[in-house]
Amino acid sequence: MKIVGVTSCPVGVAHTYMAAETLEKKCKELDYEVKIETQGANGAQNVLSEKDIAEADYVILALGKGLPGDQLARFEGKKLLEIQIAEVLKDVDKIFDSLEKKAKVYTSGKKVEQKKPSGSVGVLNPGAKATGILNHLMAGVSAALPFIIGGGLMIAIAAIMDKLGLEKVPIDLEAGVVPSISWIFDQIGNLGFMLMVPVMGAFIASSIGSRPAFAPAFVCSYLANNAELLGTETGAGFLGAVVIGLAVGYAVKWLLKINLGKYFQPLQGFFFIPLITFLVFGTLTYFIIGPFASLLMNLMLGFLESIPTEYLMVGGFFVGALHVSDMGGPFNKAAWFFEMGMLSAGVYSWYAVGGVVQMMPPMAAAIACWVAPKLFEEGERNNAVSTFIIGATCATEAAIPYALAAPLPMFSANILSGGITGAIVILLGIERTAPSITILDPVFGLASPAWAWYLALAIGLALNVLFIVVFKGAWLKRKGKVSSTKK
């Protein structure tokens, strides 16, 4: 038996590679030949060749976002199973047990005649990149993330250089002043932050309407975020990019369905659609979408600034609890999306909540294995070190196996400690301007104050471990379960 597949998640950092590793491990257990292509933050790796696909008995697509039609066309006539990427991490055995029954022959241009599996990302059609608004939004966030990381690191390096005496000296052509390297780094970083919003809008649109939607959404999102051009107090920020990305994407998707005949059809994507979308959405952005989104952003920021700290802590509890409630699922992504919106508007405290809280479930699970080994099975204890290290990079997904083994106590412990820690982050006034290797964010100057960051993390981990030990101990006792250590 030969299995080939593709794994791809919206952010492309953790799920993509963990799912590929899980599929490869399971295939080796079954003595199957396997090759999995990963489409993550590092681009497409281990790419499937025509020979790989031709020789495969089954194709498994484990996706958090769909694939464009030209990539799906590779699997024409093959037995194919499409599943949500999280299903691989939750129960890979179930996937292989039902592979023969659920896999259907893929035919381009037609819907796959099969009952849509639970959690699937939709019917496989050419050009379908993702289904569901949240997946489209996460496609945009995923594309914007390198701009945030790169820009944040450049700004941090410039700040460090400035503190070491290499002051930020701006260029002045009239006076003949040469810019300092710290000023150049700072400008590069700010450019990354400026471009993250139009990039996000463009990728949201192209996730829906494919390549022709990219350019108009980019230009209009840039326009909406330029207060000087709009004549507004502030740019429309994340909110403007979301509205424009969705609007342009769905408009282009509809325009692509229009049949212009064999003579004009070739002009549709690179002439008619740019002409119509630039004209219509450029005008709408300047007069309506941009000013209105800017007004909403100002109102929201003003509202948040007017809320006393004790009430903001309630919000911190809610956002922190959301982050760990499904470990990489839709609630986590909704909380993260809110934080990214605040980040683009220059409000950094909410992004700090996610940075601290998302490290906790895997790190706490690992520490609990060391503190109370009798509560965990041998496989969980053996994976504790790698789980701890992965968790330190903000990849919450490493905690999924521990949570699935004992859902009630583990989810309860994570949600309660995550909520409390989120409130503590707000109370201590911690800010995070961009991500790096999350536990080292303060070291790179991307999170401050450093002492408060590590204090909040320490308190959160202590609470999380305590809750895990207490809740899981009680749960095992009630279930009458005894771990392999006790045998």
# chains A, B, ... in the order shown; residues from 1 in each chain; ligands from 1
$ residues_around --residues "Ser417 of chain A" --least-positions-apart "5" --cutoff "9 Å" --atoms "only C-alpha atoms" --output "ChimeraX atom specification"
/A:320-321,357,360,412,422,460-465,467
$ select_by_dssp --residues "segment 261-453 of chain A" --states "strand (DSSP E or B)" --output "ChimeraX atom specification"
/A:431-432,447-448
$ select_by_dssp --residues "segment 100-232 of chain A" --states "helix (DSSP H, G or I)" --output "JSON, numbers by chain"
{"A": [100, 101, 102, 133, 134, 135, 136, 137, 138, 139, 140, 141, 142, 143, 144, 145, 146, 147, 148, 149, 150, 151, 152, 153, 154, 155, 156, 157, 158, 159, 160, 161, 162, 163, 181, 182, 183, 184, 185, 186, 187, 188, 189, 190, 191, 192, 193, 194, 195, 196, 197, 198, 199, 200, 201, 202, 203, 204, 205, 206, 207, 208, 209, 211, 212, 213, 214, 215, 216, 217, 218, 219, 220, 221, 222, 223, 224, 227, 228, 229, 230]}
$ atom_distance --atom1 "atom CA of Met313 of chain A" --atom2 "atom CA of Gln358 of chain A"
17.3 Å
$ residues_around --residues "segment 164-168 of chain A" --least-positions-apart "6" --cutoff "6 Å" --atoms "only C-alpha atoms" --output "JSON, numbers by chain"
{"A": [180, 182, 183]}
$ atom_distance --atom1 "atom CA of Asn414 of chain A" --atom2 "atom CA of Pro361 of chain A"
5.9 Å
$ atom_distance --atom1 "atom CA of Lys472 of chain A" --atom2 "atom CA of Leu408 of chain A"
8.3 Å
$ decode --residues "segment 220-268 of chain A" --atoms "N, CA and C atoms" --output "PDB file, in the first residue's frame"
ATOM      1  N   CYS A 220      -6.798  48.357  -2.248  1.00  0.00           N
ATOM      2  CA  CYS A 220      -7.890  48.963  -1.475  1.00  0.00           C
ATOM      3  C   CYS A 220      -7.624  48.883   0.028  1.00  0.00           C
ATOM      4  N   SER A 221      -7.014  47.779   0.490  1.00  0.00           N
ATOM      5  CA  SER A 221      -6.673  47.660   1.914  1.00  0.00           C
ATOM      6  C   SER A 221      -5.584  48.665   2.284  1.00  0.00           C
ATOM      7  N   TYR A 222      -4.647  48.880   1.385  1.00  0.00           N
ATOM      8  CA  TYR A 222      -3.607  49.884   1.622  1.00  0.00           C
ATOM      9  C   TYR A 222      -4.234  51.274   1.706  1.00  0.00           C
ATOM     10  N   LEU A 223      -5.153  51.566   0.793  1.00  0.00           N
ATOM     11  CA  LEU A 223      -5.844  52.849   0.791  1.00  0.00           C
ATOM     12  C   LEU A 223      -6.613  53.052   2.091  1.00  0.00           C
ATOM     13  N   ALA A 224      -7.326  52.003   2.526  1.00  0.00           N
ATOM     14  CA  ALA A 224      -8.144  52.112   3.739  1.00  0.00           C
ATOM     15  C   ALA A 224      -7.295  52.323   4.980  1.00  0.00           C
ATOM     16  N   ASN A 225      -6.025  51.909   4.921  1.00  0.00           N
ATOM     17  CA  ASN A 225      -5.158  52.027   6.090  1.00  0.00           C
ATOM     18  C   ASN A 225      -4.269  53.273   6.037  1.00  0.00           C
ATOM     19  N   ASN A 226      -4.472  54.118   5.040  1.00  0.00           N
ATOM     20  CA  ASN A 226      -3.672  55.329   4.901  1.00  0.00           C
ATOM     21  C   ASN A 226      -4.524  56.539   5.287  1.00  0.00           C
ATOM     22  N   ALA A 227      -4.362  56.982   6.511  1.00  0.00           N
ATOM     23  CA  ALA A 227      -5.177  58.081   7.027  1.00  0.00           C
ATOM     24  C   ALA A 227      -4.954  59.366   6.243  1.00  0.00           C
ATOM     25  N   GLU A 228      -3.742  59.561   5.770  1.00  0.00           N
ATOM     26  CA  GLU A 228      -3.432  60.789   5.017  1.00  0.00           C
ATOM     27  C   GLU A 228      -4.229  60.843   3.711  1.00  0.00           C
ATOM     28  N   LEU A 229      -4.299  59.716   3.010  1.00  0.00           N
ATOM     29  CA  LEU A 229      -5.053  59.670   1.756  1.00  0.00           C
ATOM     30  C   LEU A 229      -6.549  59.783   1.997  1.00  0.00           C
ATOM     31  N   LEU A 230      -7.021  59.136   3.080  1.00  0.00           N
ATOM     32  CA  LEU A 230      -8.454  59.135   3.367  1.00  0.00           C
ATOM     33  C   LEU A 230      -8.926  60.446   3.998  1.00  0.00           C
ATOM     34  N   GLY A 231      -8.012  61.153   4.642  1.00  0.00           N
ATOM     35  CA  GLY A 231      -8.401  62.366   5.357  1.00  0.00           C
ATOM     36  C   GLY A 231      -9.080  62.055   6.671  1.00  0.00           C
ATOM     37  N   THR A 232      -8.744  60.890   7.284  1.00  0.00           N
ATOM     38  CA  THR A 232      -9.331  60.493   8.568  1.00  0.00           C
ATOM     39  C   THR A 232      -8.280  60.589   9.662  1.00  0.00           C
ATOM     40  N   GLU A 233      -8.727  60.437  10.918  1.00  0.00           N
ATOM     41  CA  GLU A 233      -7.799  60.510  12.042  1.00  0.00           C
ATOM     42  C   GLU A 233      -6.832  59.328  12.043  1.00  0.00           C
ATOM     43  N   THR A 234      -7.374  58.135  11.769  1.00  0.00           N
ATOM     44  CA  THR A 234      -6.561  56.922  11.727  1.00  0.00           C
ATOM     45  C   THR A 234      -6.964  56.098  10.510  1.00  0.00           C
ATOM     46  N   GLY A 235      -6.148  55.087  10.210  1.00  0.00           N
ATOM     47  CA  GLY A 235      -6.501  54.164   9.145  1.00  0.00           C
ATOM     48  C   GLY A 235      -7.558  53.178   9.618  1.00  0.00           C
ATOM     49  N   ALA A 236      -8.088  52.414   8.681  1.00  0.00           N
ATOM     50  CA  ALA A 236      -9.140  51.443   9.006  1.00  0.00           C
ATOM     51  C   ALA A 236      -8.574  50.190   9.642  1.00  0.00           C
ATOM     52  N   GLY A 237      -7.252  49.979   9.539  1.00  0.00           N
ATOM     53  CA  GLY A 237      -6.603  48.867  10.210  1.00  0.00           C
ATOM     54  C   GLY A 237      -7.121  47.506   9.782  1.00  0.00           C
ATOM     55  N   PHE A 238      -7.068  46.579  10.725  1.00  0.00           N
ATOM     56  CA  PHE A 238      -7.488  45.202  10.490  1.00  0.00           C
ATOM     57  C   PHE A 238      -8.931  45.131  10.018  1.00  0.00           C
ATOM     58  N   LEU A 239      -9.774  45.931  10.621  1.00  0.00           N
ATOM     59  CA  LEU A 239     -11.200  45.886  10.297  1.00  0.00           C
ATOM     60  C   LEU A 239     -11.434  46.205   8.832  1.00  0.00           C
ATOM     61  N   GLY A 240     -10.750  47.229   8.320  1.00  0.00           N
ATOM     62  CA  GLY A 240     -10.893  47.584   6.914  1.00  0.00           C
ATOM     63  C   GLY A 240     -10.409  46.479   5.996  1.00  0.00           C
ATOM     64  N   ALA A 241      -9.291  45.828   6.366  1.00  0.00           N
ATOM     65  CA  ALA A 241      -8.751  44.738   5.547  1.00  0.00           C
ATOM     66  C   ALA A 241      -9.702  43.557   5.502  1.00  0.00           C
ATOM     67  N   VAL A 242     -10.352  43.277   6.620  1.00  0.00           N
ATOM     68  CA  VAL A 242     -11.312  42.165   6.680  1.00  0.00           C
ATOM     69  C   VAL A 242     -12.501  42.438   5.765  1.00  0.00           C
ATOM     70  N   VAL A 243     -13.084  43.625   5.899  1.00  0.00           N
ATOM     71  CA  VAL A 243     -14.255  43.976   5.095  1.00  0.00           C
ATOM     72  C   VAL A 243     -13.906  43.976   3.607  1.00  0.00           C
ATOM     73  N   ILE A 244     -12.796  44.619   3.268  1.00  0.00           N
ATOM     74  CA  ILE A 244     -12.393  44.712   1.862  1.00  0.00           C
ATOM     75  C   ILE A 244     -12.020  43.341   1.315  1.00  0.00           C
ATOM     76  N   GLY A 245     -11.264  42.569   2.079  1.00  0.00           N
ATOM     77  CA  GLY A 245     -10.858  41.240   1.629  1.00  0.00           C
ATOM     78  C   GLY A 245     -12.043  40.348   1.331  1.00  0.00           C
ATOM     79  N   LEU A 246     -13.026  40.337   2.237  1.00  0.00           N
ATOM     80  CA  LEU A 246     -14.214  39.505   2.032  1.00  0.00           C
ATOM     81  C   LEU A 246     -15.034  40.010   0.848  1.00  0.00           C
ATOM     82  N   ALA A 247     -15.235  41.329   0.783  1.00  0.00           N
ATOM     83  CA  ALA A 247     -16.060  41.907  -0.283  1.00  0.00           C
ATOM     84  C   ALA A 247     -15.439  41.670  -1.665  1.00  0.00           C
ATOM     85  N   VAL A 248     -14.161  41.964  -1.796  1.00  0.00           N
ATOM     86  CA  VAL A 248     -13.484  41.775  -3.080  1.00  0.00           C
ATOM     87  C   VAL A 248     -13.439  40.295  -3.444  1.00  0.00           C
ATOM     88  N   GLY A 249     -13.144  39.455  -2.474  1.00  0.00           N
ATOM     89  CA  GLY A 249     -13.050  38.025  -2.724  1.00  0.00           C
ATOM     90  C   GLY A 249     -14.329  37.432  -3.283  1.00  0.00           C
ATOM     91  N   TYR A 250     -15.443  37.742  -2.625  1.00  0.00           N
ATOM     92  CA  TYR A 250     -16.715  37.179  -3.077  1.00  0.00           C
ATOM     93  C   TYR A 250     -17.170  37.810  -4.392  1.00  0.00           C
ATOM     94  N   ALA A 251     -16.853  39.087  -4.594  1.00  0.00           N
ATOM     95  CA  ALA A 251     -17.201  39.736  -5.858  1.00  0.00           C
ATOM     96  C   ALA A 251     -16.437  39.101  -7.020  1.00  0.00           C
ATOM     97  N   VAL A 252     -15.155  38.865  -6.841  1.00  0.00           N
ATOM     98  CA  VAL A 252     -14.348  38.243  -7.892  1.00  0.00           C
ATOM     99  C   VAL A 252     -14.799  36.805  -8.133  1.00  0.00           C
ATOM    100  N   LYS A 253     -15.123  36.109  -7.068  1.00  0.00           N
ATOM    101  CA  LYS A 253     -15.615  34.737  -7.216  1.00  0.00           C
ATOM    102  C   LYS A 253     -16.867  34.703  -8.088  1.00  0.00           C
ATOM    103  N   TRP A 254     -17.747  35.692  -7.897  1.00  0.00           N
ATOM    104  CA  TRP A 254     -18.969  35.771  -8.712  1.00  0.00           C
ATOM    105  C   TRP A 254     -18.619  36.162 -10.157  1.00  0.00           C
ATOM    106  N   LEU A 255     -17.713  37.112 -10.321  1.00  0.00           N
ATOM    107  CA  LEU A 255     -17.326  37.555 -11.667  1.00  0.00           C
ATOM    108  C   LEU A 255     -16.685  36.432 -12.476  1.00  0.00           C
ATOM    109  N   LEU A 256     -15.950  35.555 -11.807  1.00  0.00           N
ATOM    110  CA  LEU A 256     -15.288  34.459 -12.502  1.00  0.00           C
ATOM    111  C   LEU A 256     -16.278  33.445 -13.078  1.00  0.00           C
ATOM    112  N   LYS A 257     -17.497  33.460 -12.563  1.00  0.00           N
ATOM    113  CA  LYS A 257     -18.510  32.532 -13.059  1.00  0.00           C
ATOM    114  C   LYS A 257     -19.164  33.012 -14.355  1.00  0.00           C
ATOM    115  N   ILE A 258     -18.956  34.275 -14.698  1.00  0.00           N
ATOM    116  CA  ILE A 258     -19.565  34.827 -15.911  1.00  0.00           C
ATOM    117  C   ILE A 258     -18.823  34.326 -17.146  1.00  0.00           C
ATOM    118  N   ASN A 259     -19.542  33.788 -18.069  1.00  0.00           N
ATOM    119  CA  ASN A 259     -18.944  33.275 -19.306  1.00  0.00           C
ATOM    120  C   ASN A 259     -18.967  34.370 -20.370  1.00  0.00           C
ATOM    121  N   LEU A 260     -17.788  34.851 -20.758  1.00  0.00           N
ATOM    122  CA  LEU A 260     -17.678  35.944 -21.726  1.00  0.00           C
ATOM    123  C   LEU A 260     -17.481  35.455 -23.165  1.00  0.00           C
ATOM    124  N   GLY A 261     -17.501  34.146 -23.331  1.00  0.00           N
ATOM    125  CA  GLY A 261     -17.289  33.613 -24.676  1.00  0.00           C
ATOM    126  C   GLY A 261     -15.820  33.374 -24.955  1.00  0.00           C
ATOM    127  N   LYS A 262     -15.542  32.599 -25.962  1.00  0.00           N
ATOM    128  CA  LYS A 262     -14.167  32.168 -26.200  1.00  0.00           C
ATOM    129  C   LYS A 262     -13.226  33.300 -26.602  1.00  0.00           C
ATOM    130  N   TYR A 263     -13.761  34.395 -27.135  1.00  0.00           N
ATOM    131  CA  TYR A 263     -12.897  35.488 -27.570  1.00  0.00           C
ATOM    132  C   TYR A 263     -12.485  36.407 -26.423  1.00  0.00           C
ATOM    133  N   PHE A 264     -13.403  36.600 -25.466  1.00  0.00           N
ATOM    134  CA  PHE A 264     -13.132  37.545 -24.378  1.00  0.00           C
ATOM    135  C   PHE A 264     -12.781  36.851 -23.060  1.00  0.00           C
ATOM    136  N   GLN A 265     -13.034  35.551 -22.952  1.00  0.00           N
ATOM    137  CA  GLN A 265     -12.761  34.846 -21.712  1.00  0.00           C
ATOM    138  C   GLN A 265     -11.302  34.968 -21.267  1.00  0.00           C
ATOM    139  N   PRO A 266     -10.324  34.889 -22.189  1.00  0.00           N
ATOM    140  CA  PRO A 266      -8.921  35.033 -21.755  1.00  0.00           C
ATOM    141  C   PRO A 266      -8.603  36.389 -21.129  1.00  0.00           C
ATOM    142  N   LEU A 267      -9.419  37.405 -21.442  1.00  0.00           N
ATOM    143  CA  LEU A 267      -9.183  38.746 -20.897  1.00  0.00           C
ATOM    144  C   LEU A 267      -9.829  38.955 -19.530  1.00  0.00           C
ATOM    145  N   GLN A 268     -10.626  37.990 -19.108  1.00  0.00           N
ATOM    146  CA  GLN A 268     -11.413  38.190 -17.893  1.00  0.00           C
ATOM    147  C   GLN A 268     -10.553  38.428 -16.659  1.00  0.00           C
TER     148      GLN A 268
END
